[in-house]
Each structure stands twice: as C-alpha cells, then as structure tokens.
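Colleague: Just so it is clear, I am handing over target.csv, which has CSV, C-alpha atoms.
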```csv
chain,number,residue,atom,x,y,z
U,511,MET,CA,-10.8,16.9,-17.1
U,512,LYS,CA,-7.1,17.6,-16.2
U,513,VAL,CA,-5.8,18.1,-12.7
U,514,SER,CA,-5.0,21.7,-13.4
U,515,GLU,CA,-8.5,22.4,-14.8
U,516,LEU,CA,-10.2,20.8,-11.8
U,517,ALA,CA,-8.0,22.8,-9.5
U,518,GLN,CA,-8.8,26.0,-11.3
U,519,LYS,CA,-12.6,25.3,-11.3
U,520,THR,CA,-12.7,24.5,-7.6
U,521,GLY,CA,-10.3,27.2,-6.5
U,522,LEU,CA,-7.5,25.0,-5.3
U,523,ALA,CA,-3.8,26.0,-5.1
U,524,ALA,CA,-1.2,23.3,-5.7
U,525,ILE,CA,1.1,22.3,-2.8
U,526,ASN,CA,3.6,20.5,-5.1
U,527,GLU,CA,4.8,20.0,-8.6
U,528,TYR,CA,2.6,17.5,-10.3
U,529,LYS,CA,1.9,15.7,-13.6
U,530,ASP,CA,-1.1,17.2,-15.2
U,531,ARG,CA,-3.0,14.0,-15.8
U,532,GLU,CA,-6.6,13.3,-16.7
U,533,ILE,CA,-9.1,12.8,-13.8
U,534,GLU,CA,-11.7,10.1,-14.5
U,535,ARG,CA,-13.2,9.3,-11.1
U,536,VAL,CA,-13.4,10.2,-7.4
U,537,TYR,CA,-12.6,8.3,-4.3
U,538,ILE,CA,-13.4,9.7,-0.8
U,539,SER,CA,-11.8,7.9,2.2
U,540,ASP,CA,-10.0,8.6,5.4
U,541,MET,CA,-8.7,5.1,5.5
U,542,VAL,CA,-5.3,5.1,3.7
U,543,SER,CA,-4.9,1.3,3.5
U,544,ASP,CA,-8.3,1.1,1.8
U,545,LEU,CA,-7.0,3.1,-1.2
U,546,ILE,CA,-5.0,0.1,-2.5
U,547,ALA,CA,-8.0,-2.1,-2.8
U,548,SER,CA,-10.7,0.4,-3.6
U,549,ALA,CA,-9.3,3.5,-5.4
U,550,ARG,CA,-8.8,3.2,-9.1
U,551,THR,CA,-6.3,4.8,-11.5
U,552,ASN,CA,-6.7,8.4,-12.5
U,553,SER,CA,-8.8,9.2,-9.4
U,554,VAL,CA,-9.0,12.3,-7.3
U,555,VAL,CA,-8.7,11.1,-3.7
U,556,VAL,CA,-10.4,13.3,-1.1
U,557,THR,CA,-9.2,12.7,2.4
U,558,LEU,CA,-8.3,14.4,5.7
U,559,GLN,CA,-5.2,12.3,6.1
U,560,THR,CA,-1.8,13.9,5.7
U,561,HIS,CA,0.6,11.0,6.6
U,562,LYS,CA,3.3,9.8,4.2
U,563,SER,CA,1.5,6.5,3.9
U,564,LEU,CA,-1.3,8.4,2.1
U,565,ILE,CA,1.2,9.0,-0.8
U,566,ALA,CA,2.6,5.5,-0.6
U,567,ALA,CA,-1.0,4.1,-1.0
U,568,ALA,CA,-2.2,6.6,-3.6
U,569,ASN,CA,0.8,5.8,-5.7
U,570,LEU,CA,-0.1,2.1,-5.8
U,571,ALA,CA,-3.7,3.0,-6.6
U,572,GLY,CA,-2.5,5.1,-9.5
U,573,ALA,CA,-4.2,8.2,-8.2
U,574,ALA,CA,-3.7,11.5,-10.1
U,575,MET,CA,-4.6,14.0,-7.5
U,576,ILE,CA,-5.1,14.2,-3.7
U,577,VAL,CA,-7.3,16.9,-2.0
U,578,ILE,CA,-6.7,17.2,1.7
U,579,VAL,CA,-9.7,18.7,3.3
U,580,ASN,CA,-10.4,20.7,6.5
U,581,GLY,CA,-7.5,23.0,5.7
U,582,ARG,CA,-4.9,20.5,6.8
U,583,LYS,CA,-1.4,20.7,5.3
U,584,PRO,CA,1.1,17.9,4.8
U,585,SER,CA,4.6,18.1,6.1
U,586,GLU,CA,7.7,18.6,3.8
U,587,ASP,CA,8.6,15.0,3.6
U,588,VAL,CA,5.1,14.1,2.4
U,589,VAL,CA,5.3,16.9,-0.3
U,590,ALA,CA,8.7,15.6,-1.4
U,591,LEU,CA,7.3,12.1,-1.8
U,592,ALA,CA,4.3,13.4,-3.8
U,593,ASN,CA,6.7,15.2,-6.1
U,594,ARG,CA,8.4,11.9,-6.8
U,595,THR,CA,5.2,10.2,-7.7
U,596,GLY,CA,3.8,13.2,-9.7
U,597,ILE,CA,0.5,13.1,-7.8
U,598,GLY,CA,-1.0,16.5,-7.4
U,599,LEU,CA,-1.4,17.5,-3.8
U,600,PHE,CA,-3.9,20.2,-2.8
U,601,SER,CA,-5.5,21.5,0.4
U,602,TYR,CA,-9.1,22.6,0.7
U,603,ASP,CA,-10.4,24.7,3.6
U,604,LEU,CA,-13.8,23.0,4.0
U,605,ASP,CA,-14.9,19.4,4.6
U,606,SER,CA,-15.1,16.4,2.3
U,607,TRP,CA,-18.8,16.9,1.7
U,608,ALA,CA,-18.3,20.5,0.6
U,609,PHE,CA,-15.7,19.4,-1.9
U,610,ALA,CA,-17.8,16.5,-3.1
U,611,LYS,CA,-20.6,18.9,-4.0
U,612,LYS,CA,-18.2,20.9,-6.1
U,613,LEU,CA,-17.2,17.7,-7.9
U,614,VAL,CA,-20.8,16.7,-8.6
U,615,ASN,CA,-21.5,20.2,-9.9
U,616,LEU,CA,-18.5,19.6,-12.3
U,617,GLY,CA,-20.2,16.5,-13.6
U,618,PHE,CA,-18.4,13.8,-11.6
U,619,GLU,CA,-20.8,11.0,-10.6
Q,934,MET,CA,19.2,-12.1,-5.7
Q,935,ILE,CA,16.8,-9.4,-6.5
Q,936,ALA,CA,16.8,-10.4,-10.2
Q,937,SER,CA,14.9,-13.6,-9.1
Q,938,VAL,CA,11.8,-11.4,-8.6
Q,939,ALA,CA,10.2,-12.3,-11.9
Q,940,VAL,CA,7.7,-9.8,-13.3
Q,941,ARG,CA,6.6,-11.3,-16.6
Q,942,GLY,CA,3.3,-13.1,-17.0
Q,943,GLU,CA,4.4,-16.3,-18.7
Q,944,ARG,CA,5.5,-18.3,-15.7
Q,945,ILE,CA,3.4,-21.2,-14.6
Q,946,LEU,CA,1.9,-20.4,-11.2
Q,947,GLU,CA,1.3,-23.1,-8.7
Q,948,ASN,CA,-0.4,-23.2,-5.3
Q,949,VAL,CA,-3.4,-21.5,-6.7
Q,950,GLU,CA,-7.0,-22.6,-6.8
Q,951,GLY,CA,-7.3,-25.5,-9.2
Q,952,GLY,CA,-3.6,-26.3,-9.1
Q,953,ALA,CA,-1.1,-25.3,-11.7
Q,954,MET,CA,-2.7,-22.9,-14.2
Q,955,GLY,CA,-0.3,-23.2,-17.2
Q,956,PRO,CA,1.1,-20.3,-19.2
Q,957,CYS,CA,-1.1,-17.3,-19.1
Q,958,ASN,CA,-0.6,-13.6,-19.6
Q,959,HIS,CA,-2.4,-12.9,-16.4
Q,960,GLU,CA,-4.8,-10.0,-16.0
Q,961,TRP,CA,-4.9,-9.6,-12.2
Q,962,SER,CA,-7.6,-7.9,-10.3
Q,963,ILE,CA,-8.1,-7.6,-6.6
Q,964,CYS,CA,-10.5,-10.0,-4.9
Q,965,ASN,CA,-11.4,-11.3,-1.4
Q,966,VAL,CA,-10.9,-7.9,0.3
Q,967,ARG,CA,-10.8,-8.3,4.1
Q,968,HIS,CA,-10.8,-5.4,6.6
Q,969,GLY,CA,-9.2,-5.8,10.0
Q,970,TYR,CA,-6.1,-5.1,12.1
Q,971,PHE,CA,-2.4,-5.7,11.6
Q,972,VAL,CA,-1.4,-6.8,15.1
Q,973,GLU,CA,2.3,-6.7,16.0
Q,974,GLU,CA,3.8,-8.7,18.9
Q,975,GLY,CA,7.3,-9.0,20.3
Q,976,CYS,CA,9.0,-11.7,22.5
Q,977,PHE,CA,10.4,-9.9,25.5
Q,978,GLU,CA,13.0,-12.8,26.0
Q,979,CYS,CA,14.7,-12.8,22.6
Q,980,GLY,CA,13.4,-9.6,20.8
Q,981,ALA,CA,11.7,-11.6,18.0
Q,982,ARG,CA,8.8,-10.0,16.3
Q,983,LEU,CA,5.7,-11.4,14.6
Q,984,SER,CA,2.5,-10.0,13.2
Q,985,PHE,CA,-0.8,-11.3,12.2
Q,986,PHE,CA,-4.0,-10.2,10.7
Q,987,SER,CA,-7.1,-10.1,12.9
Q,988,ALA,CA,-10.6,-9.6,11.6
Q,989,GLU,CA,-12.0,-9.2,15.1
Q,990,PRO,CA,-13.8,-6.0,15.9
Q,991,VAL,CA,-11.2,-5.2,18.6
Q,992,PRO,CA,-7.7,-6.6,18.1
Q,993,PRO,CA,-6.4,-9.1,20.7
Q,994,ILE,CA,-3.9,-7.8,23.2
Q,995,ASP,CA,-3.2,-10.9,25.3
Q,996,LYS,CA,0.3,-12.0,26.5
Q,997,TYR,CA,1.0,-15.7,26.0
Q,998,ARG,CA,3.8,-18.2,25.9
Q,999,GLU,CA,4.6,-20.2,22.8
Q,1000,GLY,CA,7.6,-22.6,23.0
Q,1001,ARG,CA,10.6,-20.5,24.1
Q,1002,HIS,CA,8.8,-17.2,23.2
Q,1003,TYR,CA,6.8,-14.9,25.5
Q,1004,TRP,CA,4.7,-12.8,23.1
Q,1005,ALA,CA,3.5,-9.4,24.2
Q,1006,TYR,CA,1.3,-7.0,22.3
Q,1007,LEU,CA,3.2,-4.1,20.7
Q,1008,GLY,CA,0.6,-2.4,18.7
Q,1009,SER,CA,-2.2,-2.7,16.1
Q,1010,PHE,CA,-3.2,-0.7,13.0
Q,1011,GLN,CA,-6.2,-0.9,10.7
Q,1012,THR,CA,-5.4,-2.4,7.3
Q,1013,VAL,CA,-6.9,-4.2,4.4
Q,1014,LYS,CA,-5.9,-7.6,3.0
Q,1015,PHE,CA,-6.7,-9.0,-0.4
Q,1016,ASP,CA,-6.0,-11.8,-2.9
Q,1017,LEU,CA,-5.4,-11.5,-6.7
Q,1018,LYS,CA,-7.6,-13.2,-9.3
Q,1019,CYS,CA,-6.7,-13.6,-13.0
Q,1020,ARG,CA,-9.5,-12.5,-15.4
Q,1021,ALA,CA,-8.0,-14.7,-18.1
Q,1022,CYS,CA,-7.5,-18.0,-16.4
Q,1023,ALA,CA,-9.6,-17.5,-13.2
Q,1024,GLY,CA,-6.6,-18.6,-11.1
Q,1025,ILE,CA,-6.4,-17.0,-7.6
Q,1026,VAL,CA,-3.2,-16.2,-5.8
Q,1027,ASP,CA,-3.7,-16.4,-2.1
Q,1028,LEU,CA,-2.0,-13.4,-0.4
Q,1029,ASN,CA,-2.8,-14.5,3.1
Q,1030,ASP,CA,1.0,-14.5,3.9
Q,1031,VAL,CA,1.2,-10.8,3.0
Q,1032,ASN,CA,0.4,-8.8,6.2
Q,1033,GLY,CA,1.1,-5.4,4.6
Q,1034,LEU,CA,3.1,-3.3,2.2
Q,1035,MET,CA,5.8,-0.9,3.1
Q,1036,LEU,CA,7.3,1.8,0.9
Q,1037,SER,CA,11.0,1.3,1.3
Q,1038,GLU,CA,13.2,4.3,2.2
Q,1039,CYS,CA,16.2,2.1,2.9
Q,1040,THR,CA,19.6,3.8,2.3
Q,1041,ASP,CA,21.8,0.9,3.3
Q,1042,ARG,CA,23.5,-0.2,0.0
Q,1043,ASP,CA,24.7,-3.4,1.7
Q,1044,CYS,CA,21.0,-4.4,2.0
Q,1045,GLN,CA,19.5,-5.9,-1.1
Q,1046,VAL,CA,16.4,-3.7,-0.7
Q,1047,GLY,CA,18.5,-0.6,-0.1
Q,1048,ALA,CA,20.6,-1.4,-3.2
Q,1049,LEU,CA,17.4,-1.8,-5.3
Q,1050,VAL,CA,16.0,1.5,-3.9
Q,1051,HIS,CA,19.3,3.2,-4.9
Q,1052,GLN,CA,19.0,1.8,-8.5
Q,1053,GLN,CA,15.5,3.2,-9.1
Q,1054,GLY,CA,14.8,6.0,-11.5
Q,1055,PRO,CA,12.8,9.0,-10.4
Q,1056,ASP,CA,9.5,7.5,-11.4
Q,1057,SER,CA,10.0,4.2,-9.6
Q,1058,LEU,CA,9.5,3.1,-6.0
Q,1059,VAL,CA,10.2,-0.1,-4.1
Q,1060,TYR,CA,7.7,-1.6,-1.8
Q,1061,VAL,CA,8.4,-4.4,0.7
Q,1062,ALA,CA,5.7,-7.1,1.2
Q,1063,LEU,CA,5.7,-7.9,4.9
Q,1064,CYS,CA,5.2,-11.5,6.0
Q,1065,PRO,CA,3.8,-12.6,9.4
Q,1066,ASN,CA,7.1,-13.4,11.0
Q,1067,THR,CA,9.6,-10.8,9.9
Q,1068,SER,CA,12.3,-12.5,12.1
Q,1069,HIS,CA,12.2,-15.4,9.6
Q,1070,PRO,CA,13.3,-18.1,12.0
Q,1071,THR,CA,12.3,-20.8,9.5
Q,1072,GLY,CA,13.3,-18.9,6.4
Q,1073,LYS,CA,9.7,-18.7,5.3
Q,1074,CYS,CA,8.5,-15.4,3.8
Q,1075,VAL,CA,5.9,-14.2,1.3
Q,1076,SER,CA,5.5,-16.8,-1.5
Q,1077,SER,CA,7.3,-16.2,-4.7
Q,1078,GLU,CA,4.0,-16.7,-6.5
Q,1079,GLY,CA,2.5,-13.9,-4.4
Q,1080,ILE,CA,5.4,-11.6,-5.1
Q,1081,GLU,CA,5.3,-12.3,-8.8
Q,1082,ALA,CA,1.5,-11.7,-9.0
Q,1083,LEU,CA,1.8,-8.5,-7.0
Q,1084,ASN,CA,4.5,-7.2,-9.3
Q,1085,GLN,CA,2.4,-8.1,-12.4
Q,1086,TYR,CA,-0.8,-6.5,-10.9
Q,1087,PHE,CA,0.8,-3.2,-9.9
Q,1088,ARG,CA,3.0,-2.9,-13.0
Q,1089,ALA,CA,0.1,-3.5,-15.3
Q,1090,LYS,CA,-2.1,-1.0,-13.4
Q,1091,LEU,CA,0.5,1.7,-13.2
Q,1092,ALA,CA,2.2,1.4,-16.7
Q,1093,PRO,CA,-0.5,3.5,-18.4
Q,1094,VAL,CA,0.1,6.4,-16.0
Q,1095,GLY,CA,3.9,6.2,-16.4
Q,1096,ARG,CA,4.8,4.9,-13.0
Q,1097,LYS,CA,6.7,1.9,-11.9
Q,1098,VAL,CA,6.9,-0.1,-8.7
Q,1099,THR,CA,8.8,-3.2,-7.6
Q,1100,ILE,CA,7.5,-5.4,-4.8
Q,1101,VAL,CA,10.1,-7.5,-2.9
Q,1102,PRO,CA,9.6,-9.9,0.0
Q,1103,CYS,CA,10.7,-8.7,3.5
Q,1104,LYS,CA,13.3,-11.5,3.7
Q,1105,LEU,CA,15.5,-9.5,1.4
Q,1106,CYS,CA,15.9,-6.8,4.1
Q,1107,ASN,CA,19.0,-7.0,6.3
Q,1108,SER,CA,16.8,-6.3,9.2
Q,1109,ILE,CA,13.1,-5.5,8.5
Q,1110,ASP,CA,12.6,-4.4,12.2
Q,1111,LYS,CA,15.2,-1.7,11.8
Q,1112,CYS,CA,14.5,-0.9,8.1
Q,1113,ARG,CA,13.4,2.7,7.1
Q,1114,GLY,CA,10.1,2.8,5.4
Q,1115,THR,CA,6.4,3.8,5.4
Q,1116,SER,CA,4.0,1.0,6.1
Q,1117,ILE,CA,0.5,1.4,4.5
Q,1118,VAL,CA,-1.6,1.1,7.6
Q,1119,ASP,CA,-4.1,3.3,9.4
Q,1120,VAL,CA,-3.1,4.4,12.9
Q,1121,GLY,CA,-5.6,5.6,15.5
Q,1122,LEU,CA,-8.8,5.6,13.4
Q,1123,THR,CA,-10.7,3.4,15.9
Q,1124,ASP,CA,-9.0,4.6,19.1
Q,1125,ILE,CA,-12.2,6.4,20.3
Q,1126,GLN,CA,-14.2,3.2,20.4
```
Would you encode the structure as structure tokens?

Modeller:
Amino acid sequence: MKVSELAQKTGLAAINEYKDREIERVYISDMVSDLIASARTNSVVVTLQTHKSLIAAANLAGAAMIVIVNGRKPSEDVVALANRTGIGLFSYDLDSWAFAKKLVNLGFE
Amino acid sequence: MIASVAVRGERILENVEGGAMGPCNHEWSICNVRHGYFVEEGCFECGARLSFFSAEPVPPIDKYREGRHYWAYLGSFQTVKFDLKCRACAGIVDLNDVNGLMLSECTDRDCQVGALVHQQGPDSLVYVALCPNTSHPTGKCVSSEGIEALNQYFRAKLAPVGRKVTIVPCKLCNSIDKCRGTSIVDVGLTDIQ
C-alpha cells in the first residue's frame, strides 16, 4: 500500500511534500534513538515526538511515512527537513492505539 | 581528507572478532543493541568536553577530578548503541567508540564537514559519528573501520529507497562543541522517574 493510499484510507492530511513510497510495515515508538536500531525500511512510524531528531533518525531507518499522534504538529524546520528526505509527515488527532487499530483493520500485522 | 572515508565493501577490515576478515562484500546488520544514557561532562577548568555511555538505570551525575581536569555533569539523554555484524563473513565491527550520531547542519565551508554538507545533493545528508572525547586531546576518534562499516550499512539499506547518507568521524569538525546539528538522542523521556 502506498503512503497516499494509507493516508486516504485513514483520513490523514499531509503536512509536507513527500515521495509516494510503498508501506510494508509498522513501527510504533516514542523513543527516537530506538528507530535507528529497530525500525525497518518502508515503515510507517507512529509516534508522539515532533523534534527534528525524529526526522534525522527516521531517515537513517529508511522510513517512508511518519504519523504524529495526539494532534501534535511539528515546527517549520522539522517539516523542511522531512521535505528533504521525502518522508511523508502526517498528524493524527487521537492516540497511537487508535491509529494502530486502523492499521490492523487495513491488514497490517 | 573527506575522500579517505571509504564506502566500498572490498577493504580488509581489522580489529574485528576473529582478526582480519579478508576481502568480503559485507552485508551488515545491526547487532548487540544496548539501551542506556549518553552522559555529557565538562571540565570547568579548561572547558574540555567528554561523553560516555551508561547502561545504569539512572545516569551518574558525580563531580570528580581526573589528572588536570575537574569533570562536572552537563546533561544526559536516552540513546541506543549497537555494533554491526556481517551476514557473509560473520565479522563484527565494535562500535563502542560511537557515542551517537548527529545530523550535520554545518554551514562553515572552512570546516571539512561543512564543505561536505555543502556538496550534497538534495537527496543526501551528512551525519557525524560522535566519539567519547570530542575535544580529541590524543587525536583518537571513531575508528576508520567503524566509519567504513557504518557507511556501508546505511548506504546499502537506503539505496533501494533512493536516499544517500555519509557518515564522518567528529574529528573532521572544526569544533564539534560549537557545530550546528541535530543529535539523535531522546531528551526528557525518563525525567518523571
């Protein structure tokens, strides 16, 4: 499933310009440094972090998409860095569990 | 010179488990993941900085004297350390001398890292591997084997998704303590303990 398709099916609006890559797996963590060792390429990362280090780590992990939960919004410098990496940045009003249930319903395991 | 950061897989690596491994097109994967704290200390006499990784549940904050230095705690952040293991030859590169990675935003073209950042295309970013003693009083920094393996690992991982990164040792920075960048650490996650 492409980033755009996942966004459309879960009702997300993009915060930035992104590369419409294939999503293959999910990683949920609020620990940014953990992404480097644990997240895999073509992941959707679900987190409540909004710091620039989130993009720096997600880039090394090869993530395709980041969903920031609890309605939090990243600052302009974070969005600018996400634009450089092509990672899709999205904000979701509810918590990680609510978004995780949507992903499960879409067939992610 | 930055060009000395080799990124191909044919070089013989030494200082790995089992000694020299011989030529191998390495297929690196992350191993030996350790969770803990990146602790930063400063000498209030000379301004030198050092950092270390602590796997303690609570990071140490003691002041102490070591030779001519008086080290005081400056801060700590949650982080993750790891090593790299080759699936092809089973060699392991010990990355114990890497205390963290920092996305460089250096704009100083007189700095080797800043010059490299300036040369990058839109799809490429430069990360600095931070060694324990960023003042480099002995000239020692992250090992060349470690830098080479990190470049091979991340380039192989990111090539299929069309992204590039270059990892450089912090000794290439004019002044890592004044350098602009974003360190990949977690701040404040355990402050409520």

Colleague: Using all atoms listed in the file, which of the listed residues (U:Val554, U:Ala524, U:Ile565, U:Val579) sits closest to chain Q?

Modeller: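 For chain Q, the nearest of the candidates is U:Ile565.
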
Colleague: Hey, what's within 8 Å of Gly598 in chain U if we count all atoms listed in the file and toss same-chain stuff fewer than 3 positions away? As a PDB file with C-alpha atoms, in the frame of the given file, please?

Modeller:
```
ATOM      1  CA  VAL U 513      -5.800  18.100 -12.700  1.00  0.00           C
ATOM      2  CA  ALA U 524      -1.200  23.300  -5.700  1.00  0.00           C
ATOM      3  CA  ILE U 525       1.100  22.300  -2.800  1.00  0.00           C
ATOM      4  CA  ASN U 526       3.600  20.500  -5.100  1.00  0.00           C
ATOM      5  CA  GLU U 527       4.800  20.000  -8.600  1.00  0.00           C
ATOM      6  CA  TYR U 528       2.600  17.500 -10.300  1.00  0.00           C
ATOM      7  CA  LYS U 529       1.900  15.700 -13.600  1.00  0.00           C
ATOM      8  CA  ASP U 530      -1.100  17.200 -15.200  1.00  0.00           C
ATOM      9  CA  ALA U 574      -3.700  11.500 -10.100  1.00  0.00           C
ATOM     10  CA  MET U 575      -4.600  14.000  -7.500  1.00  0.00           C
ATOM     11  CA  ILE U 576      -5.100  14.200  -3.700  1.00  0.00           C
ATOM     12  CA  ALA U 592       4.300  13.400  -3.800  1.00  0.00           C
ATOM     13  CA  ASN U 593       6.700  15.200  -6.100  1.00  0.00           C
TER      14      ASN U 593
END
```

Colleague: For chain Q, which residues have at least one atom within 10 Å of chain U, if we go by all atoms listed in the file? Write them as a ChimeraX atom specification, please.

Modeller: /Q:962-968,1010-1016,1033-1037,1054-1058,1060,1087-1088,1090-1098,1114-1120,1122

Colleague: Measuring atom to atom with only C-alpha atoms, identify which of U:Ile597, U:Ala549, U:Val588, U:Val536 is nearest to Phe609 in chain U.

Modeller: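 Smallest separation from Phe609 in chain U among the options: U:Val536.
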
Colleague: Determine the nearest neighbour of Ser606 in chain U from the options U:Phe618, U:Gln518, U:Val577, U:Pro584, counting all atoms listed in the file.

Modeller: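 Distance minimum relative to Ser606 in chain U lands on U:Val577.
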
Colleague: Please identify all polymer residues within 12 Å of His1002 in chain Q, counting all atoms listed in the file, omitting same-chain residues fewer than 4 positions from it, and present them as an MDAnalysis selection string.

Modeller: chainID Q and resid 974:983 996:998

Colleague: Could you tell me how far CA of Asp1030 in chain Q lies from CA of Cys1064 in chain Q, in Å and to one decimal?

Modeller: 5.6 Å

Colleague: Env of Leu616 in chain U: 10 Å cut, atoms = all atoms listed in the file, seq-sep filter 5 positions within chain, self excluded. Answer as an mmCIF file with C-alpha atoms, in the frame of the given file.

Modeller:
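Result went into around_34.cif, see below:
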```
data_model
loop_
_atom_site.group_PDB
_atom_site.id
_atom_site.type_symbol
_atom_site.label_atom_id
_atom_site.label_comp_id
_atom_site.auth_asym_id
_atom_site.auth_seq_id
_atom_site.Cartn_x
_atom_site.Cartn_y
_atom_site.Cartn_z
ATOM 1 C CA MET U 511 -10.800 16.900 -17.100
ATOM 2 C CA LEU U 516 -10.200 20.800 -11.800
ATOM 3 C CA LYS U 519 -12.600 25.300 -11.300
ATOM 4 C CA THR U 520 -12.700 24.500 -7.600
ATOM 5 C CA ALA U 610 -17.800 16.500 -3.100
ATOM 6 C CA LYS U 611 -20.600 18.900 -4.000
#
```
